[in-house]
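Colleague: File name run-v2.txt; file contents compact mmCIF, C-alpha atoms; full text below.
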```txt
# COMPACT_ATOMS: atom_id res chain seq x y z
CA MET A 1 -8.81 18.99 78.61
CA GLU A 2 -7.63 20.55 75.37
CA LEU A 3 -4.08 20.71 76.72
CA LEU A 4 -4.23 17.03 77.67
CA ARG A 5 -5.38 16.11 74.17
CA ALA A 6 -2.56 18.19 72.67
CA ASN A 7 0.01 16.34 74.80
CA ARG A 8 -0.77 13.15 72.88
CA TYR A 9 0.79 14.68 69.76
CA PHE A 10 4.01 15.76 71.50
CA PRO A 11 7.12 13.54 71.44
CA ARG A 12 7.22 11.11 74.36
CA SER A 13 10.95 11.35 75.07
CA LEU A 14 12.66 14.27 76.79
CA TYR A 15 15.10 14.50 73.87
CA GLY A 16 12.26 14.84 71.38
CA ARG A 17 10.47 17.48 73.45
CA ALA A 18 13.68 19.46 73.97
CA ALA A 19 14.34 19.27 70.23
CA LEU A 20 10.82 20.53 69.59
CA ILE A 21 11.37 23.43 72.00
CA LEU A 22 14.56 24.24 70.10
CA LEU A 23 13.16 23.93 66.58
CA VAL A 24 9.86 25.76 67.00
CA PRO A 25 11.43 29.17 67.79
CA VAL A 26 14.05 28.78 65.03
CA VAL A 27 11.49 27.85 62.37
CA THR A 28 9.07 30.51 63.57
CA LEU A 29 11.81 33.13 63.41
CA GLN A 30 12.69 32.06 59.86
CA ILE A 31 9.07 32.34 58.76
CA VAL A 32 8.47 35.70 60.47
CA VAL A 33 11.65 37.22 59.06
CA SER A 34 10.99 35.81 55.61
CA PHE A 35 7.40 37.02 55.30
CA SER A 36 7.61 40.28 57.18
CA PHE A 37 11.10 41.77 56.92
CA ILE A 38 12.40 40.24 53.69
CA GLN A 39 9.19 40.55 51.72
CA ARG A 40 8.56 44.09 52.86
CA HIS A 41 12.18 45.05 52.29
CA PHE A 42 12.24 43.79 48.70
CA GLU A 43 8.81 45.22 48.03
CA GLY A 44 10.14 48.61 49.09
CA VAL A 45 13.26 48.24 46.95
CA THR A 46 11.18 47.11 43.96
CA GLU A 47 8.81 50.04 44.39
CA GLN A 48 11.66 52.55 44.52
CA MET A 49 13.42 51.08 41.47
CA THR A 50 10.15 50.99 39.52
CA ARG A 51 9.58 54.68 40.23
CA ASN A 52 13.00 55.47 38.74
CA VAL A 53 12.17 53.51 35.58
CA ALA A 54 8.72 55.17 35.44
CA LEU A 55 10.41 58.59 35.54
CA GLU A 56 12.45 57.68 32.44
CA LEU A 57 9.37 56.23 30.76
CA ARG A 58 7.40 59.42 31.33
CA TYR A 59 10.20 61.43 29.74
CA LEU A 60 10.26 59.17 26.67
CA LEU A 61 6.47 59.21 26.41
CA LYS A 62 6.55 63.01 26.49
CA LEU A 63 8.93 62.98 23.53
CA ILE A 64 6.49 60.75 21.66
CA ASP A 65 3.48 62.90 22.48
CA ASP A 66 5.36 66.09 21.46
CA SER A 67 6.27 64.66 18.04
CA PRO A 68 4.07 65.66 15.07
CA SER A 69 3.68 62.08 13.71
CA GLY A 70 4.25 58.45 14.52
CA PRO A 71 7.47 57.96 12.50
CA ALA A 72 8.86 61.21 13.86
CA ALA A 73 7.95 60.09 17.40
CA LEU A 74 9.72 56.76 16.91
CA ASP A 75 12.83 58.49 15.55
CA ALA A 76 12.82 60.93 18.45
CA VAL A 77 12.46 58.30 21.13
CA LEU A 78 14.92 55.75 19.69
CA SER A 79 17.79 58.18 19.84
CA VAL A 80 17.24 58.54 23.60
CA ALA A 81 15.90 55.04 24.43
CA GLU A 82 19.07 53.16 23.48
CA PRO A 83 21.30 54.89 26.05
CA LEU A 84 18.57 54.33 28.67
CA ALA A 85 18.39 50.58 27.81
CA PHE A 86 14.81 50.71 26.48
CA LYS A 87 13.46 48.98 23.41
CA PHE A 88 10.48 50.64 21.67
CA GLU A 89 8.12 49.66 18.85
CA LEU A 90 5.33 51.84 17.43
CA PRO A 91 2.58 50.96 16.82
CA SER A 92 1.97 47.61 18.64
CA GLU A 93 -1.09 45.55 19.55
CA PRO A 94 -1.29 44.84 23.31
CA PRO A 95 -2.38 41.43 24.70
CA VAL A 96 -5.55 41.12 26.75
CA GLY A 97 -4.77 41.60 30.44
CA ASP A 98 -1.55 41.32 32.37
CA ILE A 99 0.68 38.24 32.46
CA ARG A 100 2.47 37.40 35.73
CA PRO A 101 3.62 34.05 37.19
CA PHE A 102 1.83 33.28 40.47
CA TYR A 103 5.10 33.03 42.39
CA ASP A 104 6.38 36.46 41.27
CA PHE A 105 5.49 38.52 44.36
CA SER A 106 7.80 41.45 43.56
CA GLY A 107 6.25 41.56 40.07
CA ARG A 108 2.89 42.40 41.61
CA VAL A 109 4.42 45.38 43.40
CA MET A 110 6.21 46.49 40.25
CA MET A 111 3.02 46.34 38.16
CA ASP A 112 1.01 48.33 40.71
CA THR A 113 3.74 50.97 41.02
CA LEU A 114 4.21 51.29 37.25
CA ARG A 115 0.48 51.78 36.69
CA GLY A 116 0.40 54.41 39.41
CA GLU A 117 3.35 56.34 37.98
CA VAL A 118 2.73 56.04 34.21
CA HIS A 119 -0.53 57.08 32.58
CA ASP A 120 -2.47 54.68 30.34
CA VAL A 121 -0.47 51.47 30.89
CA ARG A 122 -2.61 48.97 28.99
CA SER A 123 -0.83 45.66 29.59
CA ILE A 124 2.28 44.29 31.34
CA ASP A 125 3.91 40.96 30.53
CA LEU A 126 6.29 39.37 33.08
CA SER A 127 6.38 35.90 31.52
CA ALA A 128 9.91 36.51 30.25
CA GLU A 129 12.21 35.88 33.16
CA LYS A 130 14.72 38.67 32.48
CA HIS A 131 12.60 41.28 30.71
CA VAL A 132 9.56 43.43 31.37
CA ARG A 133 7.25 44.07 28.43
CA THR A 134 4.64 46.78 28.62
CA TRP A 135 2.15 48.42 26.26
CA ILE A 136 1.35 52.10 26.85
CA GLY A 137 -1.18 54.30 25.11
CA THR A 138 0.15 57.54 23.46
CA ARG A 139 -1.14 60.25 21.10
CA HIS A 140 0.20 58.28 18.15
CA GLY A 141 -1.19 54.86 19.24
CA THR A 142 -0.12 52.05 21.55
CA ILE A 143 3.65 51.80 21.94
CA PHE A 144 5.56 48.71 23.01
CA ALA A 145 8.36 49.24 25.56
CA GLU A 146 10.76 46.58 26.88
CA PHE A 147 13.47 46.87 29.54
CA HIS A 148 15.53 44.53 31.70
CA ARG A 149 13.88 43.11 34.84
CA SER A 150 16.92 43.90 36.99
CA ARG A 151 16.07 47.61 36.64
CA VAL A 152 12.87 47.21 38.69
CA SER A 153 13.63 44.26 41.01
CA ALA A 154 16.32 43.69 43.60
CA SER A 155 18.89 41.26 42.25
CA ASN A 156 19.18 37.80 43.87
CA PRO A 157 16.74 38.34 46.74
CA HIS A 158 16.97 34.60 47.53
CA GLN A 159 20.56 34.93 48.69
CA LEU A 160 19.48 36.34 52.06
CA LEU A 161 16.96 33.52 52.43
CA VAL A 162 19.61 30.90 51.64
CA LEU A 163 21.98 32.51 54.12
CA MET A 164 19.30 32.54 56.81
CA VAL A 165 18.38 28.89 56.24
CA PHE A 166 22.01 27.76 56.17
CA THR A 167 22.82 29.69 59.35
CA GLY A 168 19.69 28.36 61.04
CA ILE A 169 20.60 24.76 60.17
CA LEU A 170 24.18 25.23 61.39
CA LEU A 171 23.09 26.76 64.70
CA THR A 172 20.45 24.06 65.14
CA LEU A 173 23.07 21.32 64.69
CA ILE A 174 25.33 23.00 67.23
CA ALA A 175 22.41 23.29 69.64
CA PHE A 176 21.55 19.61 69.11
CA VAL A 177 25.09 18.59 70.02
CA PHE A 178 24.94 20.71 73.16
CA LEU A 179 21.48 19.39 73.99
CA ARG A 180 22.66 15.81 73.62
CA GLN A 181 25.48 16.46 76.07
CA GLN A 182 23.02 17.94 78.57
CA LEU A 183 20.56 15.03 78.28
CA ARG A 184 23.19 12.30 78.58
CA PRO A 185 23.41 12.53 82.42
CA ILE A 186 19.60 12.28 82.62
CA LYS A 187 19.65 9.11 80.50
CA ARG A 188 22.36 7.64 82.74
CA LEU A 189 20.24 8.42 85.80
CA ALA A 190 17.21 6.79 84.14
CA ARG A 191 19.22 3.64 83.32
CA ALA A 192 20.55 3.40 86.89
CA SER A 193 17.03 3.86 88.30
CA GLU A 194 15.58 1.25 85.93
CA ALA A 195 18.33 -1.22 86.84
CA PHE A 196 17.72 -0.68 90.56
CA GLY A 197 14.02 -1.29 90.01
CA LYS A 198 14.97 -4.65 88.45
CA GLY A 199 17.17 -5.58 91.39
CA ARG A 200 20.52 -4.68 89.79
CA ILE A 201 23.08 -2.21 91.10
CA GLU A 202 24.80 -0.21 88.38
CA ARG A 203 27.64 2.20 88.95
CA TYR A 204 26.39 5.76 88.74
CA ASP A 205 28.21 9.04 89.37
CA PRO A 206 26.13 12.26 89.31
CA SER A 207 27.12 14.62 86.49
CA GLY A 208 25.67 17.31 84.28
CA ALA A 209 23.85 20.48 85.32
CA ALA A 210 23.40 21.35 88.98
CA GLU A 211 19.77 20.24 89.02
CA VAL A 212 20.63 16.89 87.40
CA ARG A 213 23.50 16.32 89.84
CA ALA A 214 21.14 17.07 92.73
CA ALA A 215 18.61 14.55 91.41
CA GLY A 216 21.36 11.98 90.93
CA GLN A 217 22.67 12.46 94.45
CA ALA A 218 19.12 12.14 95.81
CA PHE A 219 18.78 8.86 93.90
CA LEU A 220 22.03 7.54 95.36
CA ASP A 221 20.91 8.48 98.88
CA MET A 222 17.56 6.79 98.33
CA ARG A 223 19.23 3.66 96.95
CA THR A 224 21.57 3.48 99.93
CA ARG A 225 18.71 3.86 102.41
CA THR A 226 16.59 1.27 100.58
CA LEU A 227 19.42 -1.28 100.52
CA GLY A 228 20.04 -0.65 104.21
CA GLN A 229 16.38 -1.19 105.05
CA ILE A 230 16.27 -4.40 102.99
CA GLU A 231 19.38 -5.71 104.72
CA GLN A 232 17.96 -4.78 108.12
CA ARG A 233 14.67 -6.57 107.34
CA THR A 234 16.52 -9.63 106.10
CA MET A 235 18.72 -9.83 109.18
CA MET A 236 15.71 -9.40 111.46
CA LEU A 237 13.72 -12.18 109.78
CA LEU A 238 16.72 -14.48 109.71
CA GLY A 239 17.44 -13.80 113.37
CA VAL A 240 13.87 -14.33 114.50
CA SER A 241 13.53 -17.51 112.46
CA HIS A 242 16.83 -18.87 113.76
CA ASP A 243 16.02 -18.09 117.41
CA MET A 244 12.60 -19.74 117.16
CA ARG A 245 14.00 -23.01 115.83
CA THR A 246 15.69 -23.85 119.14
CA PRO A 247 12.53 -23.92 121.29
CA LEU A 248 10.64 -25.69 118.48
CA THR A 249 13.28 -28.39 118.41
CA ARG A 250 12.94 -28.84 122.17
CA LEU A 251 9.15 -29.02 121.82
CA ARG A 252 9.35 -31.69 119.11
CA LEU A 253 11.86 -33.68 121.21
CA GLY A 254 9.61 -33.43 124.26
CA LEU A 255 6.53 -34.51 122.29
CA SER A 256 8.38 -37.51 120.88
CA MET A 257 9.09 -38.65 124.43
CA ALA A 258 5.57 -37.96 125.75
CA GLY A 259 4.03 -41.08 124.28
CA GLU A 260 1.01 -41.34 121.99
CA GLY A 261 -2.45 -39.87 122.01
CA GLN A 262 -4.72 -37.50 120.11
CA GLU A 263 -3.54 -34.47 122.06
CA ILE A 264 0.09 -35.32 121.32
CA LYS A 265 -0.70 -35.69 117.61
CA ASP A 266 -2.49 -32.33 117.57
CA MET A 267 0.47 -30.68 119.25
CA GLU A 268 2.89 -32.32 116.80
CA ARG A 269 0.73 -30.97 113.92
CA ASP A 270 0.89 -27.48 115.43
CA VAL A 271 4.66 -27.75 115.77
CA GLY A 272 4.83 -28.81 112.11
CA GLU A 273 2.77 -25.75 111.11
CA LEU A 274 5.18 -23.56 113.05
CA GLU A 275 8.16 -25.13 111.27
CA ARG A 276 6.54 -24.56 107.87
CA LEU A 277 5.88 -20.97 108.90
CA LEU A 278 9.56 -20.55 109.77
CA ASP A 279 10.57 -22.09 106.44
CA GLU A 280 8.39 -19.54 104.66
CA PHE A 281 9.92 -16.75 106.76
CA LEU A 282 13.41 -17.87 105.77
CA ALA A 283 12.41 -18.15 102.09
CA PHE A 284 10.93 -14.64 102.21
CA ALA A 285 14.06 -13.29 103.93
CA ARG A 286 16.51 -15.04 101.59
CA ASP A 287 14.68 -13.71 98.55
CA ASP A 288 16.77 -10.51 98.60
CA SER A 289 20.08 -12.36 98.54
CA LEU A 290 19.40 -15.41 96.38
CA ASP A 291 21.71 -14.71 93.47
CA ASP A 292 23.05 -12.07 91.13
CA PRO A 293 21.47 -11.15 87.78
CA GLU A 294 22.84 -13.06 84.82
CA LEU A 295 21.97 -13.81 81.21
CA THR A 296 19.42 -16.62 81.40
CA ASP A 297 17.30 -18.60 78.96
CA PRO A 298 13.80 -18.33 80.49
CA VAL A 299 12.49 -21.27 78.47
CA ASP A 300 15.17 -23.61 79.81
CA LEU A 301 14.55 -22.30 83.33
CA ALA A 302 10.82 -23.03 83.08
CA ARG A 303 11.48 -26.51 81.65
CA ASN A 304 13.81 -27.32 84.55
CA VAL A 305 11.25 -26.24 87.16
CA VAL A 306 8.45 -28.16 85.46
CA GLY A 307 10.77 -31.18 85.18
CA LYS A 308 11.29 -31.22 88.96
CA PHE A 309 7.56 -31.46 89.58
CA VAL A 310 7.14 -34.13 86.88
CA GLU A 311 9.87 -36.23 88.53
CA LEU A 312 7.89 -36.05 91.78
CA GLY A 313 4.83 -37.38 89.96
CA ARG A 314 2.90 -34.09 90.03
CA PRO A 315 0.36 -33.38 87.22
CA VAL A 316 2.33 -30.52 85.64
CA ARG A 317 3.06 -30.05 81.93
CA LEU A 318 4.65 -27.34 79.82
CA ARG A 319 1.80 -26.64 77.44
CA GLU A 320 3.04 -23.90 75.13
CA VAL A 321 6.30 -22.10 74.36
CA SER A 322 6.35 -19.01 72.14
CA GLY A 323 9.46 -17.05 71.22
CA GLU A 324 13.07 -17.53 72.23
CA GLY A 325 16.04 -15.61 73.52
CA THR A 326 17.75 -14.72 76.76
CA ALA A 327 17.05 -12.19 79.50
CA VAL A 328 18.97 -10.75 82.45
CA LEU A 329 17.33 -12.55 85.38
CA ARG A 330 18.08 -13.88 88.84
CA PRO A 331 17.61 -17.55 87.93
CA ALA A 332 17.29 -18.87 91.50
CA ALA A 333 14.75 -16.17 92.39
CA VAL A 334 12.66 -16.73 89.26
CA SER A 335 12.80 -20.49 89.87
CA ARG A 336 11.52 -19.95 93.42
CA ALA A 337 8.66 -17.76 92.16
CA LEU A 338 7.69 -20.34 89.53
CA GLU A 339 7.92 -23.16 92.08
CA ASN A 340 5.56 -21.26 94.40
CA LEU A 341 3.03 -20.73 91.62
CA ILE A 342 3.16 -24.35 90.42
CA GLY A 343 3.06 -25.56 94.03
CA ASN A 344 -0.13 -23.61 94.65
CA ALA A 345 -1.61 -24.93 91.41
CA VAL A 346 -1.01 -28.61 92.21
CA ARG A 347 -2.12 -28.09 95.83
CA TYR A 348 -5.55 -26.71 94.89
CA GLY A 349 -6.10 -28.37 91.50
CA SER A 350 -5.67 -31.71 89.84
CA VAL A 351 -4.01 -30.41 86.64
CA CYS A 352 -1.42 -27.65 86.13
CA GLU A 353 -0.36 -26.20 82.77
CA VAL A 354 2.52 -23.81 82.19
CA ARG A 355 2.82 -21.50 79.20
CA ILE A 356 5.72 -19.19 78.40
CA VAL A 357 5.85 -16.34 75.89
CA VAL A 358 9.16 -14.58 75.17
CA SER A 359 8.56 -11.22 73.48
CA PRO A 360 11.05 -8.43 72.64
CA GLY A 361 10.40 -6.56 75.91
CA THR A 362 9.04 -9.11 78.38
CA VAL A 363 8.92 -12.74 79.46
CA ARG A 364 5.45 -13.96 80.43
CA ILE A 365 5.07 -17.25 82.30
CA SER A 366 1.46 -18.35 82.86
CA VAL A 367 0.55 -21.04 85.39
CA GLU A 368 -3.04 -22.38 85.20
CA ASP A 369 -4.96 -24.95 87.22
CA ASP A 370 -8.45 -26.44 87.37
CA GLY A 371 -9.02 -25.65 91.05
CA PRO A 372 -11.66 -23.42 92.63
CA GLY A 373 -9.71 -20.25 91.78
CA ILE A 374 -9.79 -17.00 93.71
CA PRO A 375 -12.75 -14.58 93.61
CA GLU A 376 -12.08 -11.45 91.60
CA GLY A 377 -12.48 -9.17 94.60
CA ALA A 378 -9.91 -11.12 96.63
CA ARG A 379 -7.12 -11.40 94.02
CA GLU A 380 -5.36 -8.20 94.95
CA GLU A 381 -5.51 -9.14 98.64
CA ALA A 382 -4.09 -12.59 97.85
CA LEU A 383 -0.81 -11.04 96.67
CA LYS A 384 -0.14 -9.54 100.09
CA ALA A 385 2.11 -11.28 102.58
CA PHE A 386 0.59 -13.54 105.28
CA VAL A 387 -2.85 -13.52 103.65
CA ARG A 388 -4.53 -16.95 103.53
CA LEU A 389 -7.52 -17.58 101.31
CA ASP A 390 -7.90 -21.26 102.12
CA PRO A 391 -11.71 -21.17 102.49
CA ALA A 392 -11.90 -20.20 98.83
CA ARG A 393 -9.17 -22.60 97.76
CA ASN A 394 -10.17 -25.84 99.50
CA GLN A 395 -8.66 -26.25 102.95
CA ASN A 396 -8.55 -30.05 102.54
CA ARG A 397 -5.75 -29.75 100.01
CA GLY A 398 -3.38 -28.38 102.65
CA GLY A 399 -2.67 -24.82 103.60
CA GLY A 400 0.25 -22.48 103.47
CA VAL A 401 1.13 -19.43 105.50
CA GLY A 402 0.27 -16.82 102.88
CA LEU A 403 3.77 -16.03 101.56
CA GLY A 404 3.94 -18.01 98.29
CA LEU A 405 2.18 -15.45 96.10
CA ALA A 406 3.77 -12.54 97.98
CA ILE A 407 7.26 -13.92 97.31
CA ALA A 408 6.46 -14.48 93.62
CA SER A 409 5.03 -10.95 93.33
CA ASP A 410 8.07 -9.46 95.06
CA ILE A 411 10.44 -11.31 92.71
CA ALA A 412 8.45 -10.11 89.70
CA HIS A 413 8.66 -6.49 90.87
CA ARG A 414 12.41 -6.84 91.38
CA HIS A 415 12.67 -7.88 87.74
CA GLY A 416 10.73 -4.83 86.56
CA GLY A 417 7.56 -6.86 86.05
CA SER A 418 4.41 -7.92 87.88
CA LEU A 419 2.31 -10.85 89.02
CA SER A 420 -1.37 -10.84 88.11
CA LEU A 421 -4.16 -13.30 88.90
CA ASP A 422 -7.13 -14.09 86.67
CA ARG A 423 -9.52 -16.88 85.75
CA SER A 424 -8.12 -19.65 83.56
CA LEU A 425 -10.09 -19.85 80.33
CA ALA A 426 -8.53 -23.20 79.44
CA LEU A 427 -8.94 -25.06 82.75
CA GLY A 428 -11.50 -22.96 84.61
CA GLY A 429 -9.38 -22.43 87.74
CA LEU A 430 -6.78 -19.79 88.53
CA ARG A 431 -4.29 -18.34 86.08
CA ALA A 432 -1.19 -16.62 87.49
CA ASP A 433 0.80 -14.50 84.99
CA LEU A 434 4.42 -13.88 86.01
CA VAL A 435 5.70 -11.03 83.81
CA LEU A 436 9.43 -10.21 83.81
CA ALA A 437 11.18 -7.39 81.96
CA ARG A 438 13.95 -8.40 79.54
```
Before anything else, please render the file you have as structure tokens.

Modeller:
Amino acid sequence: MELLRANRYFPRSLYGRAALILLVPVVTLQIVVSFSFIQRHFEGVTEQMTRNVALELRYLLKLIDDSPSGPAALDAVLSVAEPLAFKFELPSEPPVGDIRPFYDFSGRVMMDTLRGEVHDVRSIDLSAEKHVRTWIGTRHGTIFAEFHRSRVSASNPHQLLVLMVFTGILLTLIAFVFLRQQLRPIKRLARASEAFGKGRIERYDPSGAAEVRAAGQAFLDMRTRTLGQIEQRTMMLLGVSHDMRTPLTRLRLGLSMAGEGQEIKDMERDVGELERLLDEFLAFARDDSLDDPELTDPVDLARNVVGKFVELGRPVRLREVSGEGTAVLRPAAVSRALENLIGNAVRYGSVCEVRIVVSPGTVRISVEDDGPGIPEGAREEALKAFVRLDPARNQNRGGGVGLGLAIASDIAHRHGGSLSLDRSLALGGLRADLVLAR
């Protein structure tokens, strides 16, 4: 569970996760080297250099302690201190406590080492950037000693840090370029797969690492098999529908010559049902080969479909239009899906309203009616082929063969979208939402 929660904070894209995998070790290495190796190295150098200065200080302090008086001690030490780059004053009043900037880490090591090596160090001042000031107790009083900071600290310790950071950034940029080249074939495979899911065939040649090429070749094989199966299904449905029309035509001709009567009318109605069933079969079969994807204005497409029903005197109106723009669609297929949805609405209801919302990523076309609707538990079943829910939708309005919603759902899926059914809040009947990817 904890791992699942942590995944929410990771980048969603493969590029972002690969970049994170690349950056984490580099940054971790920089931090570890900086705080363990570099800090310890310069602490050791500072400690060694401070011991050398402490050795000189002890020699000068011995000269002071061996002198008979303060002025004699100062004269004795100044003659030696100048060649050793020390500055002395005697006597001097020390400040209270040590003075060290919080960021001066090597200064802490230097102060501890100096106190350990030199007796009676009373105060150390590191506030001056280039000098160390210290007050030390002697037999003739407190003496002030000053020397250059470079004598107890490694010079320019930041240069190694700058070099490490610069090298790390350079290598990271090189790795990013290489990583981008490796991820490009995966992005091409994703685009080809997404296009195929929307019913488009894009040229794709496997490239990249061996594993990516294997995945790409598997995708091509799958796409070829899927297209072959679709073509085989289409040819089978077209063949069956075509072969059944001949005996149906003979039946209708024979019934027209058989005279009149209730039995003849019932048989003619059955023949009509069979012809409608064949028409639905053909519509379902032709769905895969209606047209090619093209840049289409979905609002104009919806207006044209609604206009056809209005011309036929059907109670259909385009209620609301939100957004604008174009999308890559199969216009004939989307028109067929919308016609099926509106046809169902006017068959089972007295009013049909169409709403369309064009957003940056999707096109949503909603068709609502005031009919009896479909029970919530039966909505998923209603989207399957050859399923008839006429008892719930008023048989007296006329029935279909259970392919209208299935065709619309199939067209939506081929456009990277979906078809969902719900209750209409505005009219109280059924609301069908046809969602298409842009």

Colleague: Quick one: residues within 12 Å of Ile342 (chain A), only C-alpha atoms, excluding same-chain residues fewer than 3 positions away - as a short mmCIF file (atom, residue, chain, number, x, y, z; two decimals) with C-alpha atoms, keeping the file's coordinate frame?

Modeller:
```
data_model
loop_
_atom_site.label_atom_id
_atom_site.label_comp_id
_atom_site.auth_asym_id
_atom_site.auth_seq_id
_atom_site.Cartn_x
_atom_site.Cartn_y
_atom_site.Cartn_z
CA ALA A 302 10.82 -23.03 83.08
CA VAL A 305 11.25 -26.24 87.16
CA VAL A 306 8.45 -28.16 85.46
CA GLY A 307 10.77 -31.18 85.18
CA LYS A 308 11.29 -31.22 88.96
CA PHE A 309 7.56 -31.46 89.58
CA VAL A 310 7.14 -34.13 86.88
CA ARG A 314 2.90 -34.09 90.03
CA PRO A 315 0.36 -33.38 87.22
CA VAL A 316 2.33 -30.52 85.64
CA ARG A 317 3.06 -30.05 81.93
CA LEU A 318 4.65 -27.34 79.82
CA SER A 335 12.80 -20.49 89.87
CA ARG A 336 11.52 -19.95 93.42
CA ALA A 337 8.66 -17.76 92.16
CA LEU A 338 7.69 -20.34 89.53
CA GLU A 339 7.92 -23.16 92.08
CA ALA A 345 -1.61 -24.93 91.41
CA VAL A 346 -1.01 -28.61 92.21
CA ARG A 347 -2.12 -28.09 95.83
CA TYR A 348 -5.55 -26.71 94.89
CA GLY A 349 -6.10 -28.37 91.50
CA SER A 350 -5.67 -31.71 89.84
CA VAL A 351 -4.01 -30.41 86.64
CA CYS A 352 -1.42 -27.65 86.13
CA GLU A 353 -0.36 -26.20 82.77
CA VAL A 354 2.52 -23.81 82.19
CA ARG A 355 2.82 -21.50 79.20
CA ILE A 365 5.07 -17.25 82.30
CA SER A 366 1.46 -18.35 82.86
CA VAL A 367 0.55 -21.04 85.39
CA GLU A 368 -3.04 -22.38 85.20
CA ASP A 369 -4.96 -24.95 87.22
CA GLY A 404 3.94 -18.01 98.29
CA LEU A 405 2.18 -15.45 96.10
CA ALA A 408 6.46 -14.48 93.62
CA LEU A 430 -6.78 -19.79 88.53
CA ARG A 431 -4.29 -18.34 86.08
CA ALA A 432 -1.19 -16.62 87.49
CA ASP A 433 0.80 -14.50 84.99
CA LEU A 434 4.42 -13.88 86.01
#
```

Colleague: How far is it from CA of Ile230 (chain A) to CA of Leu274 (chain A), in Å with one decimal?

Modeller: 24.3 Å

Colleague: Provide the CA of Val121 (chain A) to CA of Arg40 (chain A) distance in Å, to one decimal place.

Modeller: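 The value is 24.9 Å.
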
Colleague: Between A:Met222, A:Glu89, A:Gly373, A:Met164, single out the one closest to Ser34 (chain A), counting all atoms listed in the file.

Modeller: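 Distance minimum relative to Ser34 (chain A) lands on A:Met164.
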
Colleague: Under the rule that all atoms listed in the file are counted, which of A:Met244, A:Ala190, A:Leu227, A:Leu29 is the nearest residue to Asp279 (chain A)?

Modeller: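 Of A:Met244, A:Ala190, A:Leu227, A:Leu29, the one nearest Asp279 (chain A), counting all atoms listed in the file, is A:Met244.
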
Colleague: With all atoms listed in the file as the atoms that count, which of A:Val53, A:Met267, A:Ala332, A:Val109 lies nearest to His148 (chain A)?

Modeller: A:Val53

Colleague: Rounded to one decimal, what separation in Å do you get between CA of Gly137 (chain A) and CA of Met110 (chain A)?

Modeller: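 Atom-to-atom, CA of Gly137 (chain A) and CA of Met110 (chain A) are spaced 18.6 Å apart.
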
Colleague: If you count all atoms listed in the file, which residues fall within 8 Å of region 126-131 of chain A, apart from same-chain ones fewer than 5 positions away, as a PyMOL selection string?

Modeller: chain A and resi 99-101+107+146-150

Colleague: Go through A:Thr362, A:Leu248, A:Asp125, A:Ile143 and flag the residue nearest Val328 (chain A), using all atoms listed in the file for the distances.

Modeller: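 When distances to Val328 (chain A) are compared using all atoms listed in the file, the smallest one comes from A:Thr362.
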
Colleague: Work out where the centre of an axis-aligned box around every listed atom of region 85-99 of chain A lies and how long its edges are once 4 Å is added on each side; give both in Å to one decimal as JSON.

Modeller:
```
{"center_x": 6.4, "center_y": 45.0, "center_z": 24.6, "size_x": 31.9, "size_y": 21.6, "size_z": 23.6}
```

Colleague: Rank nothing, just name the residue among A:Arg364, A:Arg269, A:His242, A:Arg133 nearest to Asp98 (chain A), using all atoms listed in the file.

Modeller: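 For Asp98 (chain A), the nearest of the candidates is A:Arg133.
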